[in-house]
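Asks: Sharing input_14.pdb, PDB, C-alpha atoms, pLDDT in the B column:
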ATOM      1  CA  MET A   1       8.634 -51.425 -33.923  1.00 60.00           C
ATOM      2  CA  LYS A   2      11.684 -49.507 -32.675  1.00 62.00           C
ATOM      3  CA  LYS A   3      10.109 -46.292 -33.891  1.00 62.00           C
ATOM      4  CA  LYS A   4       6.921 -47.045 -31.948  1.00 63.00           C
ATOM      5  CA  ALA A   5       8.899 -47.820 -28.776  1.00 61.00           C
ATOM      6  CA  GLY A   6      10.882 -44.592 -29.206  1.00 62.00           C
ATOM      7  CA  LEU A   7       7.673 -42.567 -29.569  1.00 60.00           C
ATOM      8  CA  THR A   8       6.230 -44.231 -26.478  1.00 66.00           C
ATOM      9  CA  VAL A   9       9.343 -43.402 -24.463  1.00 59.00           C
ATOM     10  CA  MET A  10       9.239 -39.797 -25.700  1.00 61.00           C
ATOM     11  CA  ALA A  11       5.537 -39.510 -24.803  1.00 57.00           C
ATOM     12  CA  VAL A  12       6.213 -40.888 -21.303  1.00 57.00           C
ATOM     13  CA  ILE A  13       9.118 -38.428 -20.849  1.00 67.00           C
ATOM     14  CA  CYS A  14       6.955 -35.498 -22.025  1.00 53.00           C
ATOM     15  CA  ILE A  15       4.122 -36.481 -19.701  1.00 68.00           C
ATOM     16  CA  ALA A  16       6.601 -36.835 -16.805  1.00 55.00           C
ATOM     17  CA  ILE A  17       8.009 -33.382 -17.522  1.00 69.00           C
ATOM     18  CA  ILE A  18       4.530 -31.831 -17.677  1.00 67.00           C
ATOM     19  CA  VAL A  19       3.335 -33.562 -14.499  1.00 58.00           C
ATOM     20  CA  GLY A  20       6.609 -32.769 -12.704  1.00 58.00           C
ATOM     21  CA  GLY A  21       6.473 -29.138 -13.782  1.00 56.00           C
ATOM     22  CA  TYR A  22       2.867 -28.814 -12.690  1.00 57.00           C
ATOM     23  CA  TYR A  23       3.641 -30.427  -9.325  1.00 56.00           C
ATOM     24  CA  TYR A  24       6.690 -28.176  -8.812  1.00 57.00           C
ATOM     25  CA  TYR A  25       4.702 -25.078  -9.767  1.00 59.00           C
ATOM     26  CA  THR A  26       1.771 -25.866  -7.429  1.00 58.00           C
ATOM     27  CA  VAL A  27       4.084 -26.749  -4.523  1.00 55.00           C
ATOM     28  CA  GLN A  28       6.050 -23.507  -5.012  1.00 57.00           C
ATOM     29  CA  LYS A  29       2.830 -21.494  -5.276  1.00 51.00           C
ATOM     30  CA  ARG A  30       1.434 -23.134  -2.135  1.00 53.00           C
ATOM     31  CA  GLU A  31       4.672 -22.494  -0.217  1.00 50.00           C
ATOM     32  CA  ALA A  32       4.732 -18.847  -1.331  1.00 47.00           C
ATOM     33  CA  ALA A  33       1.108 -18.423  -0.253  1.00 47.00           C
ATOM     34  CA  GLY A  34       1.907 -20.095   3.065  1.00 48.00           C
ATOM     35  CA  ASN A  35       4.842 -17.737   3.576  1.00 51.00           C
ATOM     36  CA  MET A  36       2.615 -14.709   2.877  1.00 55.00           C
ATOM     37  CA  GLU A  37       0.033 -15.998   5.358  1.00 74.00           C
ATOM     38  CA  ASN A  38       2.685 -16.104   8.071  1.00 86.00           C
ATOM     39  CA  LEU A  39       3.656 -12.463   7.526  1.00 91.00           C
ATOM     40  CA  THR A  40       2.290  -9.694   9.710  1.00 92.00           C
ATOM     41  CA  GLU A  41       0.399  -6.862   8.018  1.00 94.00           C
ATOM     42  CA  VAL A  42       3.479  -4.675   8.477  1.00 95.00           C
ATOM     43  CA  GLN A  43       5.659  -7.247   6.701  1.00 96.00           C
ATOM     44  CA  LYS A  44       3.079  -7.684   3.913  1.00 96.00           C
ATOM     45  CA  VAL A  45       3.001  -3.937   3.289  1.00 95.00           C
ATOM     46  CA  ILE A  46       6.795  -3.591   3.396  1.00 96.00           C
ATOM     47  CA  THR A  47       7.336  -6.505   0.988  1.00 96.00           C
ATOM     48  CA  LYS A  48       4.641  -5.414  -1.489  1.00 96.00           C
ATOM     49  CA  ASN A  49       6.384  -4.693  -4.779  1.00 96.00           C
ATOM     50  CA  LEU A  50       4.934  -1.326  -5.750  1.00 94.00           C
ATOM     51  CA  ASP A  51       7.183  -1.138  -8.811  1.00 91.00           C
ATOM     52  CA  MET A  52       5.464  -4.200 -10.291  1.00 93.00           C
ATOM     53  CA  ASP A  53       2.028  -3.836  -8.676  1.00 94.00           C
ATOM     54  CA  TYR A  54       1.387  -0.102  -8.391  1.00 97.00           C
ATOM     55  CA  PRO A  55      -2.214   0.908  -7.596  1.00 97.00           C
ATOM     56  CA  LYS A  56      -4.045   1.747 -10.815  1.00 96.00           C
ATOM     57  CA  THR A  57      -6.511   4.403  -9.652  1.00 96.00           C
ATOM     58  CA  PRO A  58      -6.288   7.428  -7.329  1.00 97.00           C
ATOM     59  CA  ARG A  59      -8.643   5.666  -4.915  1.00 97.00           C
ATOM     60  CA  GLU A  60      -6.449   2.542  -4.839  1.00 97.00           C
ATOM     61  CA  VAL A  61      -3.386   4.713  -4.121  1.00 97.00           C
ATOM     62  CA  ILE A  62      -5.129   6.172  -1.063  1.00 98.00           C
ATOM     63  CA  ARG A  63      -6.309   2.730   0.049  1.00 97.00           C
ATOM     64  CA  MET A  64      -2.686   1.546  -0.094  1.00 97.00           C
ATOM     65  CA  TYR A  65      -1.541   4.652   1.758  1.00 97.00           C
ATOM     66  CA  ASN A  66      -4.184   3.952   4.405  1.00 97.00           C
ATOM     67  CA  ARG A  67      -2.803   0.430   4.885  1.00 96.00           C
ATOM     68  CA  ILE A  68       0.569   2.045   5.573  1.00 97.00           C
ATOM     69  CA  LEU A  69      -0.994   4.547   8.011  1.00 96.00           C
ATOM     70  CA  ALA A  70      -2.736   1.712   9.876  1.00 95.00           C
ATOM     71  CA  CYS A  71       0.623  -0.016  10.263  1.00 95.00           C
ATOM     72  CA  PHE A  72       2.297   3.169  11.518  1.00 93.00           C
ATOM     73  CA  TYR A  73      -0.331   4.112  14.046  1.00 92.00           C
ATOM     74  CA  ASN A  74      -2.033   0.855  15.063  1.00 90.00           C
ATOM     75  CA  GLN A  75       0.996  -1.440  15.275  1.00 88.00           C
ATOM     76  CA  THR A  76       4.167  -1.474  17.300  1.00 89.00           C
ATOM     77  CA  CYS A  77       6.940  -1.222  14.705  1.00 91.00           C
ATOM     78  CA  THR A  78      10.689  -1.477  14.940  1.00 93.00           C
ATOM     79  CA  ASP A  79      12.814   1.370  13.564  1.00 94.00           C
ATOM     80  CA  GLU A  80      13.575  -0.790  10.522  1.00 96.00           C
ATOM     81  CA  GLU A  81       9.877  -1.429   9.945  1.00 95.00           C
ATOM     82  CA  ILE A  82       9.101   2.299  10.233  1.00 95.00           C
ATOM     83  CA  GLU A  83      11.790   2.981   7.634  1.00 97.00           C
ATOM     84  CA  GLY A  84      10.442   0.239   5.355  1.00 96.00           C
ATOM     85  CA  LEU A  85       6.887   1.518   5.685  1.00 97.00           C
ATOM     86  CA  GLY A  86       8.093   5.093   5.200  1.00 97.00           C
ATOM     87  CA  ASP A  87       9.902   4.078   2.021  1.00 97.00           C
ATOM     88  CA  GLN A  88       6.727   2.395   0.755  1.00 97.00           C
ATOM     89  CA  ALA A  89       4.710   5.539   1.527  1.00 97.00           C
ATOM     90  CA  ARG A  90       7.268   7.658  -0.325  1.00 97.00           C
ATOM     91  CA  LEU A  91       6.782   5.491  -3.440  1.00 97.00           C
ATOM     92  CA  LEU A  92       3.214   6.838  -3.486  1.00 98.00           C
ATOM     93  CA  PHE A  93       4.360  10.476  -3.261  1.00 98.00           C
ATOM     94  CA  ASP A  94       4.667  12.902  -6.157  1.00 97.00           C
ATOM     95  CA  GLU A  95       8.150  14.244  -6.935  1.00 96.00           C
ATOM     96  CA  GLU A  96       7.184  17.667  -5.611  1.00 96.00           C
ATOM     97  CA  LEU A  97       6.079  16.220  -2.270  1.00 96.00           C
ATOM     98  CA  LEU A  98       9.307  14.189  -2.083  1.00 96.00           C
ATOM     99  CA  GLU A  99      11.409  17.290  -2.736  1.00 97.00           C
ATOM    100  CA  ASN A 100       9.652  19.123   0.090  1.00 95.00           C
ATOM    101  CA  ASN A 101      10.103  16.159   2.459  1.00 94.00           C
ATOM    102  CA  PRO A 102      13.636  14.700   2.252  1.00 97.00           C
ATOM    103  CA  ARG A 103      13.724  11.098   3.491  1.00 97.00           C
ATOM    104  CA  GLU A 104      15.539  11.750   6.778  1.00 97.00           C
ATOM    105  CA  ASP A 105      13.329  14.733   7.660  1.00 97.00           C
ATOM    106  CA  TYR A 106      10.225  12.736   6.769  1.00 96.00           C
ATOM    107  CA  LEU A 107      11.287   9.752   8.906  1.00 96.00           C
ATOM    108  CA  ARG A 108      12.204  11.984  11.860  1.00 96.00           C
ATOM    109  CA  ALA A 109       8.832  13.751  11.773  1.00 96.00           C
ATOM    110  CA  LEU A 110       7.053  10.437  11.262  1.00 95.00           C
ATOM    111  CA  ARG A 111       8.697   8.830  14.304  1.00 96.00           C
ATOM    112  CA  SER A 112       7.769  11.848  16.418  1.00 95.00           C
ATOM    113  CA  ASP A 113       4.161  11.747  15.186  1.00 94.00           C
ATOM    114  CA  ILE A 114       3.863   7.986  15.847  1.00 94.00           C
ATOM    115  CA  GLU A 115       5.283   8.422  19.350  1.00 94.00           C
ATOM    116  CA  GLU A 116       2.810  11.228  20.111  1.00 93.00           C
ATOM    117  CA  TYR A 117      -0.027   9.130  18.729  1.00 90.00           C
ATOM    118  CA  HIS A 118       0.874   6.192  20.969  1.00 89.00           C
ATOM    119  CA  ASP A 119       1.453   8.462  24.001  1.00 91.00           C
ATOM    120  CA  LYS A 120      -2.118   9.740  23.644  1.00 91.00           C
ATOM    121  CA  SER A 121      -3.429   6.151  23.317  1.00 88.00           C
ATOM    122  CA  ARG A 122      -4.934   6.878  19.918  1.00 90.00           C
ATOM    123  CA  VAL A 123      -6.089   4.119  17.599  1.00 90.00           C
ATOM    124  CA  ILE A 124      -7.504   4.388  14.108  1.00 92.00           C
ATOM    125  CA  SER A 125     -10.577   2.202  14.456  1.00 91.00           C
ATOM    126  CA  SER A 126     -11.431   2.359  10.753  1.00 93.00           C
ATOM    127  CA  MET A 127     -10.843   4.272   7.546  1.00 95.00           C
ATOM    128  CA  ASP A 128     -13.153   5.054   4.660  1.00 95.00           C
ATOM    129  CA  VAL A 129     -12.202   6.217   1.191  1.00 96.00           C
ATOM    130  CA  CYS A 130     -14.829   7.841  -1.000  1.00 95.00           C
ATOM    131  CA  SER A 131     -16.390   5.740  -3.721  1.00 94.00           C
ATOM    132  CA  ALA A 132     -14.867   5.681  -7.196  1.00 94.00           C
ATOM    133  CA  SER A 133     -17.728   7.833  -8.493  1.00 94.00           C
ATOM    134  CA  GLU A 134     -16.904  10.520  -5.900  1.00 95.00           C
ATOM    135  CA  VAL A 135     -13.290  10.905  -7.027  1.00 95.00           C
ATOM    136  CA  LYS A 136     -13.032  14.248  -8.800  1.00 96.00           C
ATOM    137  CA  GLU A 137     -10.602  14.505 -11.700  1.00 95.00           C
ATOM    138  CA  GLN A 138      -9.563  17.680 -13.476  1.00 95.00           C
ATOM    139  CA  THR A 139      -6.673  19.217 -15.336  1.00 93.00           C
ATOM    140  CA  VAL A 140      -4.657  21.746 -13.333  1.00 92.00           C
ATOM    141  CA  ASP A 141      -1.826  23.648 -15.052  1.00 92.00           C
ATOM    142  CA  GLY A 142      -1.750  20.991 -17.768  1.00 91.00           C
ATOM    143  CA  ALA A 143      -1.483  18.045 -15.334  1.00 92.00           C
ATOM    144  CA  GLU A 144      -4.141  15.422 -14.647  1.00 96.00           C
ATOM    145  CA  CYS A 145      -5.166  15.672 -10.986  1.00 96.00           C
ATOM    146  CA  ALA A 146      -7.589  13.733  -8.812  1.00 97.00           C
ATOM    147  CA  TYR A 147      -9.198  14.611  -5.487  1.00 97.00           C
ATOM    148  CA  VAL A 148      -9.933  11.759  -3.087  1.00 97.00           C
ATOM    149  CA  GLU A 149     -11.743  12.166   0.232  1.00 97.00           C
ATOM    150  CA  ALA A 150     -10.939   9.897   3.179  1.00 96.00           C
ATOM    151  CA  THR A 151     -12.395   9.693   6.668  1.00 96.00           C
ATOM    152  CA  TYR A 152     -10.510   8.348   9.655  1.00 95.00           C
ATOM    153  CA  TYR A 153     -12.368   7.158  12.744  1.00 95.00           C
ATOM    154  CA  ILE A 154     -10.090   7.595  15.728  1.00 93.00           C
ATOM    155  CA  ILE A 155     -10.449   6.543  19.336  1.00 92.00           C
ATOM    156  CA  GLU A 156      -8.382   8.370  21.935  1.00 90.00           C
ATOM    157  CA  GLY A 157      -8.802   6.645  25.254  1.00 84.00           C
ATOM    158  CA  LYS A 158     -12.545   6.047  24.999  1.00 86.00           C
ATOM    159  CA  ALA A 159     -13.445   9.216  23.100  1.00 90.00           C
ATOM    160  CA  PRO A 160     -14.262   8.747  19.393  1.00 93.00           C
ATOM    161  CA  SER A 161     -13.530  11.374  16.773  1.00 92.00           C
ATOM    162  CA  GLN A 162     -13.280  11.709  13.013  1.00 93.00           C
ATOM    163  CA  SER A 163     -10.748  13.289  10.749  1.00 93.00           C
ATOM    164  CA  HIS A 164     -11.570  14.096   7.129  1.00 95.00           C
ATOM    165  CA  GLN A 165      -8.727  14.410   4.643  1.00 96.00           C
ATOM    166  CA  THR A 166      -8.615  15.459   1.022  1.00 97.00           C
ATOM    167  CA  TYR A 167      -5.800  13.959  -1.018  1.00 97.00           C
ATOM    168  CA  VAL A 168      -4.717  15.608  -4.237  1.00 97.00           C
ATOM    169  CA  LEU A 169      -2.996  13.212  -6.623  1.00 97.00           C
ATOM    170  CA  ARG A 170      -1.211  14.022  -9.847  1.00 97.00           C
ATOM    171  CA  LYS A 171      -0.506  11.621 -12.695  1.00 96.00           C
ATOM    172  CA  ASP A 172       3.230  11.309 -13.422  1.00 95.00           C
ATOM    173  CA  GLU A 173       4.962  10.670 -16.773  1.00 94.00           C
ATOM    174  CA  GLU A 174       4.511   6.905 -16.337  1.00 94.00           C
ATOM    175  CA  GLY A 175       0.762   7.328 -15.849  1.00 95.00           C
ATOM    176  CA  LYS A 176       0.920   6.552 -12.121  1.00 97.00           C
ATOM    177  CA  TRP A 177      -1.197   8.543  -9.691  1.00 98.00           C
ATOM    178  CA  LYS A 178       1.011  10.070  -6.973  1.00 98.00           C
ATOM    179  CA  ILE A 179       0.047  11.951  -3.814  1.00 98.00           C
ATOM    180  CA  LEU A 180       0.870  15.618  -4.317  1.00 97.00           C
ATOM    181  CA  VAL A 181      -0.629  17.054  -1.131  1.00 96.00           C
ATOM    182  CA  PHE A 182      -3.218  16.262   1.522  1.00 95.00           C
ATOM    183  CA  TYR A 183      -5.039  18.425   4.013  1.00 94.00           C
ATOM    184  CA  GLN A 184      -7.706  18.254   6.672  1.00 91.00           C
ATOM    185  CA  THR A 185     -11.125  19.302   5.378  1.00 89.00           C
ATOM    186  CA  GLU A 186     -14.456  20.599   6.691  1.00 75.00           C
ATOM    187  CA  GLY A 187     -16.366  18.417   9.065  1.00 60.00           C
ATOM    188  CA  ALA A 188     -13.121  17.319  10.667  1.00 44.00           C
ATOM    189  CA  SER A 189     -13.060  17.000  14.370  1.00 45.00           C
ATOM    190  CA  SER A 190     -10.047  16.136  16.420  1.00 45.00           C
ATOM    191  CA  ASN A 191      -9.050  15.677  19.999  1.00 44.00           C
ATOM    192  CA  GLY A 192      -5.643  17.129  19.002  1.00 42.00           C
TER     193      GLY A 192
END
If you took the structure in this file and wrote it as structure tokens, what would it be?
Replies:
Amino acid sequence: MKKKAGLTVMAVICIAIIVGGYYYYTVQKREAAGNMENLTEVQKVITKNLDMDYPKTPREVIRMYNRILACFYNQTCTDEEIEGLGDQARLLFDEELLENNPREDYLRALRSDIEEYHDKSRVISSMDVCSASEVKEQTVDGAECAYVEATYYIIEGKAPSQSHQTYVLRKDEEGKWKILVFYQTEGASSNG
């Protein structure tokens, strides 16, 4: 009889722990989701943990980079937010690109570019990244490289234009695709 009562008490305690744990987990998850919903796009991009959730494909890297560009050029950011976004962008850059663009030089040029963009009343109305099947991969000097095309639709005042970019990404030792270089390509038109 005592054994049966002890087992019943243990079962009740186990059920209480499971139900309590489930309740705690769902409340925490709901609160975290609610907190993310209250963040601006700039804050979401800055707080994205790229160490734990790095884009898996070259195309996804450019899509993430485009989110950062949209924040730079289509939002009004504080200096701290520009630095945070700049640091996120730099996590997507290849070591060679980082070496050629020290952080302070990069941020200085970035601030100047953003200011010019806003002074000319430019807005990126939309961005397109080529489809996964259009990403070209090849080996260059023993390194895996990928070429990703992106199109930016820009409005300056009321005048629309397009800018076409080619991004060259190189796979690093950890298997992550990093932006090595990017350049404007044929078909590009600009109000520059």
Asks: Could you tell me which residues the PyMOL selection byres ((chain A and resi 180) around 8) grabs in this file, written as a list in words?
Replies: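 Checking the PyMOL selection byres ((chain A and resi 180) around 8) against this file, the residues are Phe93, Asp94, Glu95, Glu96, Leu97, Tyr167, Val168, Leu169, Arg170, Lys178, Ile179, Val181 and Phe182 of chain A.
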Asks: Return as a list in words the set of residues that the PyMOL selection byres ((chain A and resi 138-153) around 6) yields on the displayed structure.
Replies: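 Checking the PyMOL selection byres ((chain A and resi 138-153) around 6) against this file, the residues are Ile124, Ser125, Ser126, Met127, Asp128, Val129, Cys130, Val135, Lys136, Glu137, Ile154, Ser161, Gln162, Ser163, His164, Gln165, Thr166, Tyr167, Val168, Leu169, Arg170 and Lys171 of chain A.
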Asks: Atom CA of Arg111 of chain A and atom CA of Ala70 of chain A are how many Å apart?
Replies: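 So the two atoms, atom CA of Arg111 of chain A and atom CA of Ala70 of chain A, lie 14.2 Å apart.
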Asks: Nearest to Gln43 of chain A among A:Gln184, A:Arg67, A:Glu60, A:Pro55, with distances taken over all atoms listed in the file: which residue is it?
Replies: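 With all atoms listed in the file as the atom set, the closest residue is A:Arg67.
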Asks: Need the shell around Lys120 of chain A: protein/DNA/RNA residues with any atom at most 8 Å away, counting only C-alpha atoms. Skip same-chain ones fewer than 4 positions apart. Format as a PyMOL selection string?
Replies: chain A and resi 116+156-157
Asks: Report the distance between atom CA of Glu41 of chain A and atom CA of Gly175 of chain A in Å, rounded to one decimal place.
Replies: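 Distance reported for this atom pair: 27.8 Å.
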Asks: Mind giving me the straight-line distance from atom CA of Ile114 of chain A to atom CA of Pro160 of chain A in Å, one decimal?
Replies: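 Separation of atom CA of Ile114 of chain A and atom CA of Pro160 of chain A: 18.5 Å.
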Asks: How would you write, as a tab-separated table (two decimals) with C-alpha atoms, in the coordinates of the input, the residues chosen by the PyMOL selection byres ((chain A and resi 103-108) around 12) on this structure?
Replies:
chain	number	residue	atom	x	y	z
A	72	PHE	CA	2.30	3.17	11.52
A	79	ASP	CA	12.81	1.37	13.56
A	80	GLU	CA	13.58	-0.79	10.52
A	81	GLU	CA	9.88	-1.43	9.94
A	82	ILE	CA	9.10	2.30	10.23
A	83	GLU	CA	11.79	2.98	7.63
A	84	GLY	CA	10.44	0.24	5.36
A	85	LEU	CA	6.89	1.52	5.68
A	86	GLY	CA	8.09	5.09	5.20
A	87	ASP	CA	9.90	4.08	2.02
A	88	GLN	CA	6.73	2.40	0.76
A	89	ALA	CA	4.71	5.54	1.53
A	90	ARG	CA	7.27	7.66	-0.32
A	91	LEU	CA	6.78	5.49	-3.44
A	93	PHE	CA	4.36	10.48	-3.26
A	97	LEU	CA	6.08	16.22	-2.27
A	98	LEU	CA	9.31	14.19	-2.08
A	99	GLU	CA	11.41	17.29	-2.74
A	100	ASN	CA	9.65	19.12	0.09
A	101	ASN	CA	10.10	16.16	2.46
A	102	PRO	CA	13.64	14.70	2.25
A	109	ALA	CA	8.83	13.75	11.77
A	110	LEU	CA	7.05	10.44	11.26
A	111	ARG	CA	8.70	8.83	14.30
A	112	SER	CA	7.77	11.85	16.42
A	113	ASP	CA	4.16	11.75	15.19
A	114	ILE	CA	3.86	7.99	15.85
A	115	GLU	CA	5.28	8.42	19.35
Asks: Which of these, A:Ala132, A:Ala159, A:Leu39, A:Val45, has the shortest distance to Leu69 of chain A once you count only C-alpha atoms?
Replies: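 Answer, going by the shortest atom-to-atom distance: A:Val45.
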